[in-house]
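> This is final.txt (compact mmCIF, C-alpha atoms and all ligand atoms).
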# COMPACT_ATOMS: atom_id res chain seq x y z
CA MET A 1 -6.03 -11.58 -8.13
CA SER A 2 -4.09 -8.63 -6.79
CA ILE A 3 -2.23 -6.69 -9.45
CA LYS A 4 0.76 -4.39 -9.18
CA LEU A 5 0.46 -0.97 -10.77
CA GLY A 6 2.84 1.74 -11.85
CA VAL A 7 1.38 5.20 -12.49
CA LEU A 8 2.72 7.93 -14.78
CA ILE A 9 1.70 11.52 -14.02
CA SER A 10 2.58 15.09 -14.98
CA GLY A 11 0.21 17.21 -12.92
CA SER A 12 -2.35 17.40 -10.16
CA GLY A 13 -2.90 13.64 -9.92
CA THR A 14 -6.63 13.59 -9.12
CA ASN A 15 -6.99 10.35 -11.11
CA LEU A 16 -4.06 8.87 -9.19
CA GLN A 17 -5.84 9.92 -5.99
CA ALA A 18 -9.10 8.25 -7.07
CA ILE A 19 -7.23 4.98 -7.61
CA ILE A 20 -5.32 5.31 -4.32
CA ASP A 21 -8.68 5.81 -2.56
CA ARG A 22 -10.38 2.79 -4.18
CA ILE A 23 -7.40 0.59 -3.29
CA ALA A 24 -7.46 1.91 0.29
CA ASP A 25 -11.18 1.21 0.72
CA GLY A 26 -10.82 -2.30 -0.72
CA THR A 27 -12.83 -1.72 -3.92
CA ILE A 28 -9.80 -2.58 -6.08
CA ASP A 29 -7.47 -5.48 -5.37
CA ALA A 30 -4.22 -3.81 -6.40
CA SER A 31 -1.15 -2.01 -5.13
CA ILE A 32 0.71 0.97 -6.58
CA GLU A 33 4.42 0.15 -6.61
CA LEU A 34 5.77 3.34 -8.17
CA VAL A 35 4.59 6.76 -9.36
CA VAL A 36 6.71 8.40 -12.05
CA SER A 37 6.28 12.08 -12.86
CA SER A 38 7.56 13.88 -15.93
CA ARG A 39 7.65 17.09 -13.86
CA SER A 40 9.28 17.71 -10.51
CA ASP A 41 6.54 20.18 -9.49
CA ALA A 42 3.62 17.80 -10.11
CA TYR A 43 1.22 17.91 -7.15
CA GLY A 44 0.49 14.24 -7.73
CA LEU A 45 3.97 13.44 -6.34
CA LEU A 46 2.80 14.76 -2.95
CA ARG A 47 -0.36 12.64 -3.17
CA ALA A 48 1.76 9.55 -3.82
CA GLN A 49 4.16 10.35 -0.98
CA ALA A 50 1.24 10.96 1.40
CA ALA A 51 0.01 7.46 0.54
CA GLY A 52 3.46 5.99 1.18
CA ILE A 53 4.11 5.20 -2.50
CA GLN A 54 7.63 5.38 -3.96
CA THR A 55 8.12 8.15 -6.51
CA LEU A 56 10.54 8.90 -9.30
CA THR A 57 10.85 12.18 -11.19
CA MET A 58 11.93 11.97 -14.82
CA ASP A 59 12.20 15.69 -15.46
CA LYS A 60 13.70 16.85 -18.77
CA SER A 61 16.83 17.95 -16.92
CA PHE A 62 17.49 14.32 -15.85
CA TYR A 63 17.65 12.75 -19.30
CA ASP A 64 18.50 13.88 -22.80
CA GLU A 65 15.87 12.12 -24.89
CA ASP A 66 12.50 10.41 -24.43
CA PHE A 67 13.77 6.92 -25.30
CA THR A 68 16.31 7.11 -22.46
CA ALA A 69 13.59 8.08 -20.02
CA ASP A 70 11.33 5.25 -21.19
CA ARG A 71 14.16 2.71 -20.85
CA ILE A 72 14.69 3.81 -17.24
CA ILE A 73 10.94 3.77 -16.51
CA ALA A 74 10.62 0.26 -18.02
CA SER A 75 13.45 -1.09 -15.90
CA GLU A 76 12.13 0.55 -12.69
CA MET A 77 8.65 -0.85 -13.32
CA ARG A 78 9.95 -4.33 -14.18
CA SER A 79 12.18 -4.51 -11.11
CA ARG A 80 9.07 -3.91 -8.98
CA GLY A 81 7.05 -6.62 -10.74
CA VAL A 82 4.51 -4.15 -12.13
CA ASP A 83 1.66 -5.78 -14.13
CA TYR A 84 0.06 -2.64 -15.60
CA ILE A 85 1.20 0.94 -16.08
CA LEU A 86 -1.48 3.63 -15.82
CA MET A 87 -1.01 6.98 -17.53
CA ALA A 88 -2.94 9.48 -15.41
CA GLY A 89 -2.55 12.93 -16.89
CA TYR A 90 0.89 11.98 -18.24
CA MET A 91 1.57 14.60 -20.87
CA ARG A 92 4.26 12.68 -22.76
CA MET A 93 3.99 9.86 -25.24
CA VAL A 94 5.25 6.41 -24.37
CA HIS A 95 7.87 4.97 -26.71
CA ASP A 96 9.05 1.57 -27.87
CA PRO A 97 11.32 0.69 -24.92
CA LEU A 98 8.35 0.99 -22.56
CA LEU A 99 5.67 -0.32 -24.95
CA ALA A 100 7.75 -3.40 -25.80
CA ALA A 101 8.36 -4.12 -22.10
CA PHE A 102 4.61 -3.82 -21.33
CA PRO A 103 2.69 -4.82 -24.49
CA ASN A 104 -1.05 -4.06 -24.07
CA ARG A 105 -0.28 -3.28 -20.45
CA ILE A 106 -0.04 0.50 -20.57
CA VAL A 107 -3.38 2.25 -20.08
CA ASN A 108 -4.29 5.91 -20.65
CA ILE A 109 -7.26 8.06 -19.68
CA HIS A 110 -8.42 10.85 -21.95
CA PRO A 111 -11.10 13.47 -21.19
CA ALA A 112 -13.03 13.11 -24.49
CA LEU A 113 -14.62 10.37 -26.58
CA LEU A 114 -11.70 9.15 -28.69
CA PRO A 115 -10.93 9.25 -31.54
CA SER A 116 -12.31 12.79 -31.21
CA PHE A 117 -10.40 15.59 -29.53
CA LYS A 118 -7.04 13.96 -28.93
CA GLY A 119 -4.28 15.99 -27.34
CA ALA A 120 -3.61 18.01 -24.23
CA HIS A 121 -6.82 20.09 -24.38
CA GLY A 122 -9.57 17.53 -25.00
CA ILE A 123 -12.17 19.20 -22.78
CA GLN A 124 -11.61 22.72 -24.12
CA ASP A 125 -11.47 21.50 -27.73
CA ALA A 126 -14.76 19.58 -27.40
CA TYR A 127 -16.37 22.59 -25.70
CA ASN A 128 -15.16 25.00 -28.39
CA TYR A 129 -16.44 22.69 -31.13
CA GLY A 130 -19.88 22.81 -29.54
CA VAL A 131 -20.43 19.06 -29.25
CA LYS A 132 -23.63 18.06 -27.46
CA VAL A 133 -22.14 14.81 -26.19
CA THR A 134 -18.59 14.24 -25.00
CA GLY A 135 -17.13 11.99 -22.32
CA VAL A 136 -14.16 9.98 -21.12
CA THR A 137 -12.11 7.22 -22.75
CA VAL A 138 -9.81 4.66 -21.13
CA HIS A 139 -7.63 2.80 -23.63
CA PHE A 140 -4.41 0.86 -24.07
CA ALA A 141 -1.65 3.19 -25.21
CA ASP A 142 0.37 2.77 -28.37
CA ASN A 143 3.15 4.92 -29.82
CA ARG A 144 0.74 7.61 -31.01
CA TYR A 145 -0.76 10.28 -28.74
CA ASP A 146 -4.18 9.25 -27.32
CA CYS A 147 -4.47 6.22 -29.61
CA GLY A 148 -4.83 2.49 -29.04
CA PRO A 149 -7.48 -0.16 -28.24
CA ILE A 150 -10.46 1.32 -26.34
CA ILE A 151 -11.28 -0.44 -23.05
CA ALA A 152 -14.14 1.76 -21.80
CA GLN A 153 -15.95 4.97 -22.61
CA ARG A 154 -18.57 6.94 -20.73
CA ALA A 155 -20.64 9.63 -22.42
CA LEU A 156 -21.76 12.94 -20.97
CA ALA A 157 -24.51 15.16 -22.42
CA VAL A 158 -23.35 18.78 -22.47
CA GLN A 159 -26.03 20.94 -20.85
CA GLU A 160 -27.03 24.26 -22.44
CA GLY A 161 -25.28 27.17 -20.77
CA TRP A 162 -22.45 25.21 -19.15
CA THR A 163 -19.15 27.03 -18.91
CA VAL A 164 -16.03 25.10 -19.83
CA ASP A 165 -15.23 24.90 -16.11
CA GLU A 166 -18.58 23.24 -15.44
CA LEU A 167 -17.95 20.77 -18.25
CA GLU A 168 -14.48 20.05 -16.88
CA ALA A 169 -15.84 19.38 -13.38
CA GLU A 170 -18.38 16.88 -14.77
CA ILE A 171 -15.71 15.17 -16.91
CA HIS A 172 -13.43 14.77 -13.88
CA LYS A 173 -16.28 13.25 -11.85
CA ILE A 174 -16.67 10.60 -14.56
CA GLU A 175 -12.92 10.01 -14.79
CA HIS A 176 -12.63 9.39 -11.07
CA VAL A 177 -15.25 6.63 -11.31
CA LEU A 178 -14.36 5.13 -14.68
CA TYR A 179 -10.59 4.74 -14.22
CA PRO A 180 -10.91 2.78 -10.95
CA GLU A 181 -13.61 0.65 -12.61
CA VAL A 182 -11.23 -0.23 -15.44
CA VAL A 183 -8.46 -1.05 -12.98
CA GLY A 184 -10.94 -3.38 -11.28
CA LEU A 185 -11.59 -5.10 -14.63
CA LEU A 186 -7.83 -5.49 -15.17
CA ALA A 187 -7.39 -6.91 -11.69
CA ALA A 188 -10.20 -9.37 -12.39
CA GLY A 189 -8.45 -10.46 -15.62
CA ARG A 190 -11.52 -9.54 -17.68
CA VAL A 191 -9.86 -7.30 -20.32
CA HIS A 192 -8.68 -8.97 -23.53
CA VAL A 193 -7.27 -7.37 -26.66
CA CYS A 194 -8.52 -9.23 -29.76
CA ASP A 195 -6.47 -9.89 -32.89
CA ASN A 196 -8.35 -7.11 -34.71
CA GLY A 197 -7.24 -4.56 -32.12
CA THR A 198 -10.55 -4.19 -30.32
CA VAL A 199 -11.04 -4.98 -26.64
CA GLU A 200 -13.47 -7.52 -25.20
CA ILE A 201 -14.59 -7.42 -21.58
CA ALA A 202 -15.29 -10.90 -20.29
CA PRO A 203 -18.50 -11.31 -18.28
CA ALA A 204 -18.14 -11.35 -14.50
C1 LIG B 301 -7.17 14.22 -16.88
O1 LIG B 301 -8.34 14.93 -17.22
C2 LIG B 301 -6.78 13.29 -17.99
O2 LIG B 301 -7.87 12.74 -18.69
C3 LIG B 301 -6.00 14.22 -18.90
O3 LIG B 301 -5.22 14.97 -18.00
C4 LIG B 301 -5.97 15.18 -16.80
C5 LIG B 301 -5.08 14.87 -15.64
O4 LIG B 301 -5.69 15.20 -14.43
N1 LIG B 301 -5.22 13.51 -19.86
C6 LIG B 301 -5.08 13.90 -21.13
O5 LIG B 301 -5.55 14.93 -21.56
C7 LIG B 301 -4.29 12.94 -22.01
N2 LIG B 301 -4.31 13.38 -23.35
P1 LIG B 301 -5.10 14.64 -13.07
O6 LIG B 301 -3.60 14.94 -13.09
O7 LIG B 301 -5.82 15.45 -12.02
O8 LIG B 301 -5.40 13.18 -13.00
Spit out the file's structure as structure tokens when you get a sec.
Ligand code: GAR

Amino acid sequence: MSIKLGVLISGSGTNLQAIIDRIADGTIDASIELVVSSRSDAYGLLRAQAAGIQTLTMDKSFYDEDFTADRIIASEMRSRGVDYILMAGYMRMVHDPLLAAFPNRIVNIHPALLPSFKGAHGIQDAYNYGVKVTGVTVHFADNRYDCGPIIAQRALAVQEGWTVDELEAEIHKIEHVLYPEVVGLLAAGRVHVCDNGTVEIAPA
């Protein structure tokens, strides 16, 4: 089943690019209908445009409060028949107008093993804490920052002597594999949120 995606970004968009590439090479049966950025200078907007994807910038100067922005995003996504919204380095929370329009259909990627090291600096915070294992989490978003039912996690052993930049490079490598994998699971209809708030992945 081919699914329609919307993607929310704020920055460089390397995760967006990984998904664009896996769609282009036929690994994922999906299309990206719209990329929304919370910043007009996000490099990810150029990646989207280079791939021929429609973009929309919801910069702070365009709206006066977050709920207004989320209402506009919900209506733009709905009008394009979007099935799932992917947050890919989107440094804002999603709010009720968007969550209610896409219940259990908004996905986020976070560069740490949630529920540890939430926030905008997950890699640096895990590094500073001195954890020996960290990783990447992909989860359904709720109205709290970096919270919601976990779909997939991949762990990474932190090697002695790594700089934070080396850790970051390894985390990004995992992200660029794991996020497309999860999109593939969504496209295959294998991801189910249980009544207790956990996620089950149906066998292939
Ligand atoms: C990614 O590492 C993503 O996990 C992180 O922002 C980066 C965006 O990179 N997200 C969070 O920290 C969410 N709390 P990208 O713009 O190159 O995809």
> Dump the neighbourhood of ligand LIG 301 (chain B) as a list in words: all residues within 7 Å, distances computed on all atoms listed in the file.
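Checked against 7 Å with all atoms listed in the file; the hits are Ile9, Ser10, Gly11, Ser12, Gly13, Thr14, Asn15, Leu16, Gly44, Ala88, Gly89, Tyr90, Met91, Ile109, His110, Pro111, Lys118, Gly119, Ala120, His121, Gly122, Asp146, His172 and Glu175 of chain A.
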> Which residues, written as number ranges by chain, have at least one atom at most 12 Å from Phe117 of chain A, with all atoms listed in the file counted and residues fewer than 5 positions away on the same chain left out?
A: 110-112, 122-131, 134-137, 145-147
> Could you turn the residues from that selection into a file that holds C-alpha atoms, as a PDB file, in the frame of the given file?

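Once written, part12.pdb looks like this:
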ATOM      1  CA  HIS A 110      -8.420  10.850 -21.950  1.00  0.00           C
ATOM      2  CA  PRO A 111     -11.100  13.470 -21.190  1.00  0.00           C
ATOM      3  CA  ALA A 112     -13.030  13.110 -24.490  1.00  0.00           C
ATOM      4  CA  GLY A 122      -9.570  17.530 -25.000  1.00  0.00           C
ATOM      5  CA  ILE A 123     -12.170  19.200 -22.780  1.00  0.00           C
ATOM      6  CA  GLN A 124     -11.610  22.720 -24.120  1.00  0.00           C
ATOM      7  CA  ASP A 125     -11.470  21.500 -27.730  1.00  0.00           C
ATOM      8  CA  ALA A 126     -14.760  19.580 -27.400  1.00  0.00           C
ATOM      9  CA  TYR A 127     -16.370  22.590 -25.700  1.00  0.00           C
ATOM     10  CA  ASN A 128     -15.160  25.000 -28.390  1.00  0.00           C
ATOM     11  CA  TYR A 129     -16.440  22.690 -31.130  1.00  0.00           C
ATOM     12  CA  GLY A 130     -19.880  22.810 -29.540  1.00  0.00           C
ATOM     13  CA  VAL A 131     -20.430  19.060 -29.250  1.00  0.00           C
ATOM     14  CA  THR A 134     -18.590  14.240 -25.000  1.00  0.00           C
ATOM     15  CA  GLY A 135     -17.130  11.990 -22.320  1.00  0.00           C
ATOM     16  CA  VAL A 136     -14.160   9.980 -21.120  1.00  0.00           C
ATOM     17  CA  THR A 137     -12.110   7.220 -22.750  1.00  0.00           C
ATOM     18  CA  TYR A 145      -0.760  10.280 -28.740  1.00  0.00           C
ATOM     19  CA  ASP A 146      -4.180   9.250 -27.320  1.00  0.00           C
ATOM     20  CA  CYS A 147      -4.470   6.220 -29.610  1.00  0.00           C
TER      21      CYS A 147
END
> Find the distance between atom CA of Val107 of chain A and atom CA of Tyr84 of chain A and write it in Å to one decimal.
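Atom-to-atom, atom CA of Val107 of chain A and atom CA of Tyr84 of chain A are spaced 7.5 Å apart.
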> Neighbouring residues of Leu99 of chain A were defined as those with any atom within 9 Å, considering only C-alpha atoms; residues of the same chain fewer than 6 positions away were excluded. Please report them as a list of chain:residue names.
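Residues near the query, excluding close chain neighbours: A:Asp70, A:Ala74, A:Arg105, A:Ile106, A:Ala141, A:Asp142, A:Asn143.
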> Would you list the contacts of Ala30 of chain A as a list in words, taking every protein, DNA or RNA residue within 8 Å and counting all atoms listed in the file, but skipping same-chain residues closer than 3 positions in sequence?
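In the requested format, the answer is Ser2, Ile3, Lys4, Leu5, Ile23 and Ala187 of chain A.
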> Enumerate, as a PDB file with C-alpha atoms, in the frame of the given file, the protein, DNA and RNA residues whose atoms approach (11.0, 4.0, -12.8) to within 10 Å, taking into account all atoms listed in the file and the coordinate frame of the file.

ATOM      1  CA  GLY A   6       2.840   1.740 -11.850  1.00  0.00           C
ATOM      2  CA  VAL A   7       1.380   5.200 -12.490  1.00  0.00           C
ATOM      3  CA  LEU A   8       2.720   7.930 -14.780  1.00  0.00           C
ATOM      4  CA  GLU A  33       4.420   0.150  -6.610  1.00  0.00           C
ATOM      5  CA  LEU A  34       5.770   3.340  -8.170  1.00  0.00           C
ATOM      6  CA  VAL A  35       4.590   6.760  -9.360  1.00  0.00           C
ATOM      7  CA  VAL A  36       6.710   8.400 -12.050  1.00  0.00           C
ATOM      8  CA  SER A  37       6.280  12.080 -12.860  1.00  0.00           C
ATOM      9  CA  GLN A  54       7.630   5.380  -3.960  1.00  0.00           C
ATOM     10  CA  THR A  55       8.120   8.150  -6.510  1.00  0.00           C
ATOM     11  CA  LEU A  56      10.540   8.900  -9.300  1.00  0.00           C
ATOM     12  CA  THR A  57      10.850  12.180 -11.190  1.00  0.00           C
ATOM     13  CA  MET A  58      11.930  11.970 -14.820  1.00  0.00           C
ATOM     14  CA  ALA A  69      13.590   8.080 -20.020  1.00  0.00           C
ATOM     15  CA  ASP A  70      11.330   5.250 -21.190  1.00  0.00           C
ATOM     16  CA  ARG A  71      14.160   2.710 -20.850  1.00  0.00           C
ATOM     17  CA  ILE A  72      14.690   3.810 -17.240  1.00  0.00           C
ATOM     18  CA  ILE A  73      10.940   3.770 -16.510  1.00  0.00           C
ATOM     19  CA  ALA A  74      10.620   0.260 -18.020  1.00  0.00           C
ATOM     20  CA  SER A  75      13.450  -1.090 -15.900  1.00  0.00           C
ATOM     21  CA  GLU A  76      12.130   0.550 -12.690  1.00  0.00           C
ATOM     22  CA  MET A  77       8.650  -0.850 -13.320  1.00  0.00           C
ATOM     23  CA  ARG A  78       9.950  -4.330 -14.180  1.00  0.00           C
ATOM     24  CA  SER A  79      12.180  -4.510 -11.110  1.00  0.00           C
ATOM     25  CA  ARG A  80       9.070  -3.910  -8.980  1.00  0.00           C
TER      26      ARG A  80
END
> Do you have the atom CA of Tyr43 of chain A-atom CA of Ile19 of chain A distance handy?
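Distance reported for this atom pair: 15.5 Å.
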> Where atoms are missing, can you supply N, CA and C atoms for segment 74-87 of chain A and output the lot as a PDB file, keeping the file's coordinate frame?

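Output file out-v1.pdb follows:
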ATOM      1  N   ALA A  74      10.903   1.691 -17.810  1.00  0.00           N
ATOM      2  CA  ALA A  74      10.620   0.260 -18.020  1.00  0.00           C
ATOM      3  C   ALA A  74      11.390  -0.573 -17.005  1.00  0.00           C
ATOM      4  N   SER A  75      12.663  -0.251 -16.803  1.00  0.00           N
ATOM      5  CA  SER A  75      13.450  -1.090 -15.900  1.00  0.00           C
ATOM      6  C   SER A  75      13.003  -0.901 -14.452  1.00  0.00           C
ATOM      7  N   GLU A  76      12.625   0.324 -14.060  1.00  0.00           N
ATOM      8  CA  GLU A  76      12.130   0.550 -12.690  1.00  0.00           C
ATOM      9  C   GLU A  76      10.808  -0.183 -12.452  1.00  0.00           C
ATOM     10  N   MET A  77       9.960  -0.178 -13.467  1.00  0.00           N
ATOM     11  CA  MET A  77       8.650  -0.850 -13.320  1.00  0.00           C
ATOM     12  C   MET A  77       8.853  -2.374 -13.269  1.00  0.00           C
ATOM     13  N   ARG A  78       9.709  -2.870 -14.149  1.00  0.00           N
ATOM     14  CA  ARG A  78       9.950  -4.330 -14.180  1.00  0.00           C
ATOM     15  C   ARG A  78      10.544  -4.817 -12.874  1.00  0.00           C
ATOM     16  N   SER A  79      11.501  -4.052 -12.339  1.00  0.00           N
ATOM     17  CA  SER A  79      12.180  -4.510 -11.110  1.00  0.00           C
ATOM     18  C   SER A  79      11.204  -4.573  -9.942  1.00  0.00           C
ATOM     19  N   ARG A  80      10.070  -3.867 -10.048  1.00  0.00           N
ATOM     20  CA  ARG A  80       9.070  -3.910  -8.980  1.00  0.00           C
ATOM     21  C   ARG A  80       7.932  -4.891  -9.299  1.00  0.00           C
ATOM     22  N   GLY A  81       8.064  -5.615 -10.394  1.00  0.00           N
ATOM     23  CA  GLY A  81       7.050  -6.620 -10.740  1.00  0.00           C
ATOM     24  C   GLY A  81       5.716  -6.040 -11.162  1.00  0.00           C
ATOM     25  N   VAL A  82       5.752  -4.823 -11.737  1.00  0.00           N
ATOM     26  CA  VAL A  82       4.510  -4.150 -12.130  1.00  0.00           C
ATOM     27  C   VAL A  82       3.803  -4.924 -13.251  1.00  0.00           C
ATOM     28  N   ASP A  83       2.475  -5.098 -13.107  1.00  0.00           N
ATOM     29  CA  ASP A  83       1.660  -5.780 -14.130  1.00  0.00           C
ATOM     30  C   ASP A  83       1.132  -4.784 -15.174  1.00  0.00           C
ATOM     31  N   TYR A  84       0.627  -3.647 -14.692  1.00  0.00           N
ATOM     32  CA  TYR A  84       0.060  -2.640 -15.600  1.00  0.00           C
ATOM     33  C   TYR A  84       0.581  -1.252 -15.235  1.00  0.00           C
ATOM     34  N   ILE A  85       0.806  -0.448 -16.271  1.00  0.00           N
ATOM     35  CA  ILE A  85       1.200   0.940 -16.080  1.00  0.00           C
ATOM     36  C   ILE A  85       0.014   1.823 -16.468  1.00  0.00           C
ATOM     37  N   LEU A  86      -0.367   2.714 -15.556  1.00  0.00           N
ATOM     38  CA  LEU A  86      -1.480   3.630 -15.820  1.00  0.00           C
ATOM     39  C   LEU A  86      -0.951   5.018 -16.097  1.00  0.00           C
ATOM     40  N   MET A  87      -1.310   5.576 -17.246  1.00  0.00           N
ATOM     41  CA  MET A  87      -1.010   6.980 -17.530  1.00  0.00           C
ATOM     42  C   MET A  87      -2.182   7.789 -16.963  1.00  0.00           C
TER      43      MET A  87
END
